[in-house]
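Okay, so here's the structure we're looking at.
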Amino acid sequence: MIESVGKGRTWVLSGPTSSYALHLTDDDDLLHLHWGPRISGADAEALAAQGPPPSWPFESQLDGREEYPVEGGPRFVRPALSVRTPEVRGTEWCFAEAAVYGDELRVRLADAVHGLDLTLHHRMRDDTDVIERWVTVTHTGDGPDLELLRADAAAWTLPRRDGWRLSQLHGRWAAESLLVRSELTYGEKVIGSRRGHTGHQHLPWVALDAEGATEERGEVYGCALGWSGSWRISVQQLPDGVVQITGGVGHDDSGLLRLAPGQSYTSPVFAGLWSDKGFGGASRAWHAWQLAHVVPDAAAERPVLYNSWEATGFDISEKQQRALARRAAAMGVELFVVDDAWFGQRTSDRAGLGDWTPNPERFPDGLGPLADEVHGLGMQFGIWVEPEMVNADSDLYRAHPDWVQHHPGRARIEFRNQLVLNLAREDVQEYLWGQLDGLLSSTPVDYVKWDFNRCFTDAGWPGEDYPQKLWVEHVHALYALLDRLRAAHPSVAFESCSGGGGRIDLGILSRTDQVWTSDNTDPLDRLAIQHGFTQLHPARVMAAWVTDSPNVQLNGRFSTLRFRFVSAMAGVLGVGGDLTEWTEEELAEARVWVELYKKIRPLVQHGELYRLRAPEGGLSAVQYVKGDESVVLAWLQAQHYGEQPPRLRLRGIDSAAAYEDLDTGALHRGSVLLHHGLHTGLKGDMDATVIRLRRH
Ligand code: DGJ
């Protein structure tokens, strides 16, 4: 709901529990007024009437108060917008118009010297407290091209509080989305990616709390960016204690695009959320918003998949994949995925990327016969691709060496023996469309795992007069290709992968059905990765595999099938072990776990998620609640001194009701579960359990 008050110069956007307000002064300064609990139009007017704080020498009256600080004029904060022509740098705005379109407010400002329009978009849908913000910048004049050095999607302003604390999700390959909390001090904290993709190093999200919020209580502000290329989020604490958060495309301010007269740039969405229900309440609000408005086809349940990457690597054959498919089907798997090495001369990571036709020695009659067998076994059929890349040893590169990102005369740096295709080129876009559309049209494929295994290093484009635009245009081309493929093949689901979790953000999630959370499939490490991941994203998109023990990929750790399954069942379950090596007993046990997962899947994938205890050594647990049902997944890393692990105090259930344990028949009182907790019965090392409860 959007209310417009104060002669139409103050706007209040309200969701179920929160409001957001901005105000245009008589001098046409667009100021931020409020972000927090619900307020009325009259409250917003009272705030607007308060006027500016006292002025101090050397400080700007605008800093920390503007809705969208730009470069130019009396401003010293980090600008969200920076524009230049050969002669004039920075902008000077006049208010042009404001209009409400349903749940979206658009405020348009104009710069007469540049011939530039800036529209600030704010959207708050009725069913959520998440505010979606983005900007559109248009060259409306007939003068020289405008260089857009930076155009952040939004600047978020937080109220003054004592002792802000910053939460972030940092990582690296095989250790993504680890939650860290630290005190925020004066100055700036910058996170982002200079890599051309979202990156393993940070999820584009921050959360701030000031009064010691806990998992279930307290005020939390969060911001998340929907962009899959290089990006930056900057959190500034200004001298007067106000916190401002800017976020958008590109890490530096060195130039995104050049706008010719008539051209526009639209930023991605930088979404914000206020919650007074602690970190858990904020997560649940983020999850609900993504499932309702971001993730495509989110109401559909994701199937249990099998993928042999960890088991077979590049050494695959049709016969071996058929054997694995039969074992997977017998286990209850619903989607069989052929990973890397089915195409071109891809028998190692040195060759074949770019040649998207089946390897004739490995699949003499193409993928059709394997797909048919997989379908005959009652499973869907999926394939792996990495369309944005090419090996130098490939037919594609031999034919088009100029199609990769490179600087003339400089070395073409290879990571994982591969180069990055310049997707900003239309001929490359059309080639990829032809290859992928052809593949999906000729083979009955139900699922595509879309990988991206290296960062940009040589982002040059010889012959192009503004080559750095490829950073932005690569991502736009990727999005356009995915959108076009989804439209042409609506029954095909897509997974975003980038060497594990290197491309997880709201932008890619708006066009993929799930993401590969991490290449780290160690079930213990995964608990921390999943704990971080679910701060922002829902379990419905969080793919997790059960692989072999000892863990082959990383650490050689032994773990029981029970522990591995319960860990992976917290998201979208997959199996990735070498099933030809599993004993009959292991296969039978796995079948039971898969069956159990299917029973709890509606809760895990579409229920409300409560993180009961963080994975910090001892006992950790998550709980999912949907309607009258609830399921608890708990893990004990190590028991000490023979002590019983603590009881788990449940959440989201009715204190007045009784709950039946569906496996033991035991009855529990809701109030006891909420206040005193549930005994898990876990003991020893690396134990795990699933407890299903239903209102009696
Ligand atoms: C990286 C992915 O994260 C893995 O799961 C696997 O698909 C390999 N790439 C294949 O090259």
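Please note that chains go A, B, ... in the order of the structure tokens, that every chain numbers its residues from 1, and that ligands are numbered from 1 in the order shown.
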
Test item: residues at most 8 Å from Asp28 of chain A, only C-alpha atoms, excluding those fewer than 4 positions along its chain, as a list in words:
Leu24, Cys94 and Phe95 of chain A

Shell of 9 Å around Ser82 of chain A, only C-alpha atoms, local chain residues under 6 positions omitted, as a ChimeraX atom specification
/A:70-72,89-91,147-151,253,255

Counting only C-alpha atoms and all ligand atoms, give me one row per residue of chain A with an atom at most 9 Å from an atom of ligand 1, showing the shortest contact pair and its distance in Å to one decimal, sorted by chain then residue number, as JSON lines.
```
{"residue": "A:Asn307", "atom": "CA", "partner": "ligand 1", "partner_atom_place_in_ligand_line": "5 (O)", "distance": 8.5}
{"residue": "A:Trp309", "atom": "CA", "partner": "ligand 1", "partner_atom_place_in_ligand_line": "6 (C)", "distance": 5.9}
{"residue": "A:Glu310", "atom": "CA", "partner": "ligand 1", "partner_atom_place_in_ligand_line": "5 (O)", "distance": 7.6}
{"residue": "A:Gly313", "atom": "CA", "partner": "ligand 1", "partner_atom_place_in_ligand_line": "10 (C)", "distance": 7.4}
{"residue": "A:Phe314", "atom": "CA", "partner": "ligand 1", "partner_atom_place_in_ligand_line": "11 (O)", "distance": 7.9}
{"residue": "A:Asp339", "atom": "CA", "partner": "ligand 1", "partner_atom_place_in_ligand_line": "7 (O)", "distance": 5.6}
{"residue": "A:Asp340", "atom": "CA", "partner": "ligand 1", "partner_atom_place_in_ligand_line": "10 (C)", "distance": 4.8}
{"residue": "A:Ala341", "atom": "CA", "partner": "ligand 1", "partner_atom_place_in_ligand_line": "11 (O)", "distance": 7.8}
{"residue": "A:Asp349", "atom": "CA", "partner": "ligand 1", "partner_atom_place_in_ligand_line": "11 (O)", "distance": 7.3}
{"residue": "A:Trp384", "atom": "CA", "partner": "ligand 1", "partner_atom_place_in_ligand_line": "7 (O)", "distance": 6.7}
{"residue": "A:Val385", "atom": "CA", "partner": "ligand 1", "partner_atom_place_in_ligand_line": "7 (O)", "distance": 8.4}
{"residue": "A:Glu386", "atom": "CA", "partner": "ligand 1", "partner_atom_place_in_ligand_line": "11 (O)", "distance": 8.4}
{"residue": "A:Lys449", "atom": "CA", "partner": "ligand 1", "partner_atom_place_in_ligand_line": "7 (O)", "distance": 7.6}
{"residue": "A:Trp450", "atom": "CA", "partner": "ligand 1", "partner_atom_place_in_ligand_line": "7 (O)", "distance": 8.5}
{"residue": "A:Asp451", "atom": "CA", "partner": "ligand 1", "partner_atom_place_in_ligand_line": "9 (N)", "distance": 6.4}
{"residue": "A:Phe452", "atom": "CA", "partner": "ligand 1", "partner_atom_place_in_ligand_line": "1 (C)", "distance": 7.5}
{"residue": "A:Asn453", "atom": "CA", "partner": "ligand 1", "partner_atom_place_in_ligand_line": "1 (C)", "distance": 6.3}
{"residue": "A:Cys497", "atom": "CA", "partner": "ligand 1", "partner_atom_place_in_ligand_line": "3 (O)", "distance": 5.9}
{"residue": "A:Ser498", "atom": "CA", "partner": "ligand 1", "partner_atom_place_in_ligand_line": "3 (O)", "distance": 5.8}
{"residue": "A:Gly499", "atom": "CA", "partner": "ligand 1", "partner_atom_place_in_ligand_line": "3 (O)", "distance": 3.5}
{"residue": "A:Gly500", "atom": "CA", "partner": "ligand 1", "partner_atom_place_in_ligand_line": "3 (O)", "distance": 3.9}
{"residue": "A:Gly501", "atom": "CA", "partner": "ligand 1", "partner_atom_place_in_ligand_line": "3 (O)", "distance": 7.5}
{"residue": "A:Gly502", "atom": "CA", "partner": "ligand 1", "partner_atom_place_in_ligand_line": "3 (O)", "distance": 8.7}
{"residue": "A:Trp516", "atom": "CA", "partner": "ligand 1", "partner_atom_place_in_ligand_line": "3 (O)", "distance": 6.9}
{"residue": "A:Thr517", "atom": "CA", "partner": "ligand 1", "partner_atom_place_in_ligand_line": "3 (O)", "distance": 8.6}
{"residue": "A:Ser518", "atom": "CA", "partner": "ligand 1", "partner_atom_place_in_ligand_line": "3 (O)", "distance": 6.8}
{"residue": "A:Asp519", "atom": "CA", "partner": "ligand 1", "partner_atom_place_in_ligand_line": "3 (O)", "distance": 5.1}
{"residue": "A:Asn520", "atom": "CA", "partner": "ligand 1", "partner_atom_place_in_ligand_line": "3 (O)", "distance": 8.8}
```

Selected residues, N, CA and C atoms, written as a PDB file, in the first residue's frame, please.
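Resulting contents of part03.pdb:
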```
ATOM      1  N   ASN A 307      23.678 -37.291  -9.265  1.00  0.00           N
ATOM      2  CA  ASN A 307      24.723 -36.713 -10.103  1.00  0.00           C
ATOM      3  C   ASN A 307      26.021 -37.434  -9.766  1.00  0.00           C
ATOM      4  N   TRP A 309      29.191 -36.662 -10.547  1.00  0.00           N
ATOM      5  CA  TRP A 309      30.444 -35.899 -10.695  1.00  0.00           C
ATOM      6  C   TRP A 309      31.520 -36.324  -9.704  1.00  0.00           C
ATOM      7  N   GLU A 310      31.165 -36.382  -8.425  1.00  0.00           N
ATOM      8  CA  GLU A 310      32.191 -36.724  -7.424  1.00  0.00           C
ATOM      9  C   GLU A 310      32.666 -38.155  -7.587  1.00  0.00           C
ATOM     10  N   GLY A 313      33.995 -38.126 -12.027  1.00  0.00           N
ATOM     11  CA  GLY A 313      34.779 -37.041 -12.637  1.00  0.00           C
ATOM     12  C   GLY A 313      34.574 -37.022 -14.144  1.00  0.00           C
ATOM     13  N   PHE A 314      35.695 -36.905 -14.876  1.00  0.00           N
ATOM     14  CA  PHE A 314      35.607 -36.814 -16.340  1.00  0.00           C
ATOM     15  C   PHE A 314      35.510 -38.180 -17.009  1.00  0.00           C
ATOM     16  N   ASP A 339      26.710 -35.078 -15.555  1.00  0.00           N
ATOM     17  CA  ASP A 339      27.491 -33.864 -15.309  1.00  0.00           C
ATOM     18  C   ASP A 339      28.466 -33.645 -16.458  1.00  0.00           C
ATOM     19  N   ASP A 340      29.585 -33.044 -16.178  1.00  0.00           N
ATOM     20  CA  ASP A 340      30.600 -32.694 -17.163  1.00  0.00           C
ATOM     21  C   ASP A 340      31.020 -33.935 -17.978  1.00  0.00           C
ATOM     22  N   ALA A 341      31.641 -33.680 -19.154  1.00  0.00           N
ATOM     23  CA  ALA A 341      32.370 -34.689 -19.936  1.00  0.00           C
ATOM     24  C   ALA A 341      31.506 -35.550 -20.861  1.00  0.00           C
ATOM     25  N   ASP A 349      39.697 -31.531 -18.207  1.00  0.00           N
ATOM     26  CA  ASP A 349      39.309 -30.115 -18.276  1.00  0.00           C
ATOM     27  C   ASP A 349      40.135 -29.338 -19.300  1.00  0.00           C
ATOM     28  N   TRP A 384      24.658 -31.294 -17.782  1.00  0.00           N
ATOM     29  CA  TRP A 384      25.520 -30.191 -17.330  1.00  0.00           C
ATOM     30  C   TRP A 384      25.979 -29.402 -18.544  1.00  0.00           C
ATOM     31  N   VAL A 385      26.032 -28.090 -18.433  1.00  0.00           N
ATOM     32  CA  VAL A 385      26.647 -27.260 -19.478  1.00  0.00           C
ATOM     33  C   VAL A 385      27.417 -26.110 -18.815  1.00  0.00           C
ATOM     34  N   GLU A 386      28.344 -25.575 -19.582  1.00  0.00           N
ATOM     35  CA  GLU A 386      29.058 -24.369 -19.124  1.00  0.00           C
ATOM     36  C   GLU A 386      29.182 -23.425 -20.326  1.00  0.00           C
ATOM     37  N   LYS A 449      22.021 -28.122 -15.599  1.00  0.00           N
ATOM     38  CA  LYS A 449      22.905 -27.544 -14.574  1.00  0.00           C
ATOM     39  C   LYS A 449      23.869 -26.615 -15.309  1.00  0.00           C
ATOM     40  N   TRP A 450      23.770 -25.327 -15.044  1.00  0.00           N
ATOM     41  CA  TRP A 450      24.499 -24.296 -15.805  1.00  0.00           C
ATOM     42  C   TRP A 450      25.665 -23.820 -14.943  1.00  0.00           C
ATOM     43  N   ASP A 451      26.868 -24.177 -15.372  1.00  0.00           N
ATOM     44  CA  ASP A 451      28.060 -23.947 -14.550  1.00  0.00           C
ATOM     45  C   ASP A 451      28.863 -22.750 -15.069  1.00  0.00           C
ATOM     46  N   PHE A 452      29.779 -22.261 -14.256  1.00  0.00           N
ATOM     47  CA  PHE A 452      30.629 -21.112 -14.598  1.00  0.00           C
ATOM     48  C   PHE A 452      31.871 -21.237 -13.723  1.00  0.00           C
ATOM     49  N   ASN A 453      32.992 -21.658 -14.342  1.00  0.00           N
ATOM     50  CA  ASN A 453      34.107 -22.116 -13.522  1.00  0.00           C
ATOM     51  C   ASN A 453      35.361 -21.256 -13.515  1.00  0.00           C
ATOM     52  N   CYS A 497      25.091 -22.911 -11.083  1.00  0.00           N
ATOM     53  CA  CYS A 497      26.276 -23.443 -10.405  1.00  0.00           C
ATOM     54  C   CYS A 497      27.447 -22.593 -10.851  1.00  0.00           C
ATOM     55  N   SER A 498      28.395 -22.361  -9.973  1.00  0.00           N
ATOM     56  CA  SER A 498      29.628 -21.708 -10.386  1.00  0.00           C
ATOM     57  C   SER A 498      30.714 -22.278  -9.492  1.00  0.00           C
ATOM     58  N   GLY A 499      31.229 -23.451  -9.888  1.00  0.00           N
ATOM     59  CA  GLY A 499      32.191 -24.136  -9.035  1.00  0.00           C
ATOM     60  C   GLY A 499      31.613 -24.238  -7.628  1.00  0.00           C
ATOM     61  N   GLY A 500      30.374 -24.688  -7.524  1.00  0.00           N
ATOM     62  CA  GLY A 500      29.629 -24.634  -6.262  1.00  0.00           C
ATOM     63  C   GLY A 500      28.848 -23.333  -6.222  1.00  0.00           C
ATOM     64  N   GLY A 501      29.023 -22.565  -5.120  1.00  0.00           N
ATOM     65  CA  GLY A 501      28.158 -21.406  -4.895  1.00  0.00           C
ATOM     66  C   GLY A 501      28.712 -20.080  -5.360  1.00  0.00           C
ATOM     67  N   GLY A 502      29.363 -20.058  -6.524  1.00  0.00           N
ATOM     68  CA  GLY A 502      29.958 -18.805  -7.003  1.00  0.00           C
ATOM     69  C   GLY A 502      28.983 -17.894  -7.738  1.00  0.00           C
ATOM     70  N   TRP A 516      23.445 -24.708  -6.908  1.00  0.00           N
ATOM     71  CA  TRP A 516      24.391 -25.654  -6.312  1.00  0.00           C
ATOM     72  C   TRP A 516      25.131 -24.889  -5.216  1.00  0.00           C
ATOM     73  N   THR A 517      24.839 -25.252  -3.993  1.00  0.00           N
ATOM     74  CA  THR A 517      25.223 -24.483  -2.828  1.00  0.00           C
ATOM     75  C   THR A 517      26.737 -24.413  -2.645  1.00  0.00           C
ATOM     76  N   SER A 518      27.404 -25.548  -2.860  1.00  0.00           N
ATOM     77  CA  SER A 518      28.853 -25.602  -2.659  1.00  0.00           C
ATOM     78  C   SER A 518      29.379 -26.904  -3.225  1.00  0.00           C
ATOM     79  N   ASP A 519      30.630 -26.885  -3.702  1.00  0.00           N
ATOM     80  CA  ASP A 519      31.270 -28.154  -4.084  1.00  0.00           C
ATOM     81  C   ASP A 519      31.657 -28.955  -2.847  1.00  0.00           C
ATOM     82  N   ASN A 520      31.576 -28.322  -1.711  1.00  0.00           N
ATOM     83  CA  ASN A 520      31.890 -29.022  -0.470  1.00  0.00           C
ATOM     84  C   ASN A 520      30.668 -29.841  -0.050  1.00  0.00           C
TER      85      ASN A 520
END
```

Check: Which residues come within 7 Å of His474 of chain A, counting only C-alpha atoms, excluding same-chain residues fewer than 3 positions away, as an MDAnalysis selection string?
Finding: chainID A and resid 422:424 470:471 477:478

Atom CA of Ala175 of chain A to atom CA of Trp635 of chain A measures 19.2 Å

* **Residue with smallest distance to Gly226 of chain A - pool A:Gln623, A:Gln290, A:Ser567, A:Gln405, counting only C-alpha atoms** =>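 Distance minimum relative to Gly226 of chain A lands on A:Gln290.
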
Worksheet entry | Long-range neighbours of Ser182 of chain A as a list in words, 7 Å cut-off, only C-alpha atoms, 5 positions minimum in chain |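 Counting only the stated atoms, we get Arg165, Leu166 and Ser167 of chain A.
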
Which of A:Ser559, A:Ser620, A:Gln321, A:Thr512 sits closest to Leu482 of chain A [using only C-alpha atoms] |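 Closest to Leu482 of chain A, using only C-alpha atoms: A:Thr512.
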
Note to self: Residues near Pro69 of chain A, anyone? I mean within 10 Å using only C-alpha atoms, not counting same-chain ones fewer than 2 positions away, as a ChimeraX atom specification.
What the structure shows: /A:30-31,62-67,71-72,75-82,152,154-155,244,246

Report task. Figure out the distance between atom CA of Leu118 of chain A and atom CA of Val137 of chain A, please, to one decimal in Å. Result ->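 So the answer is 4.7 Å.
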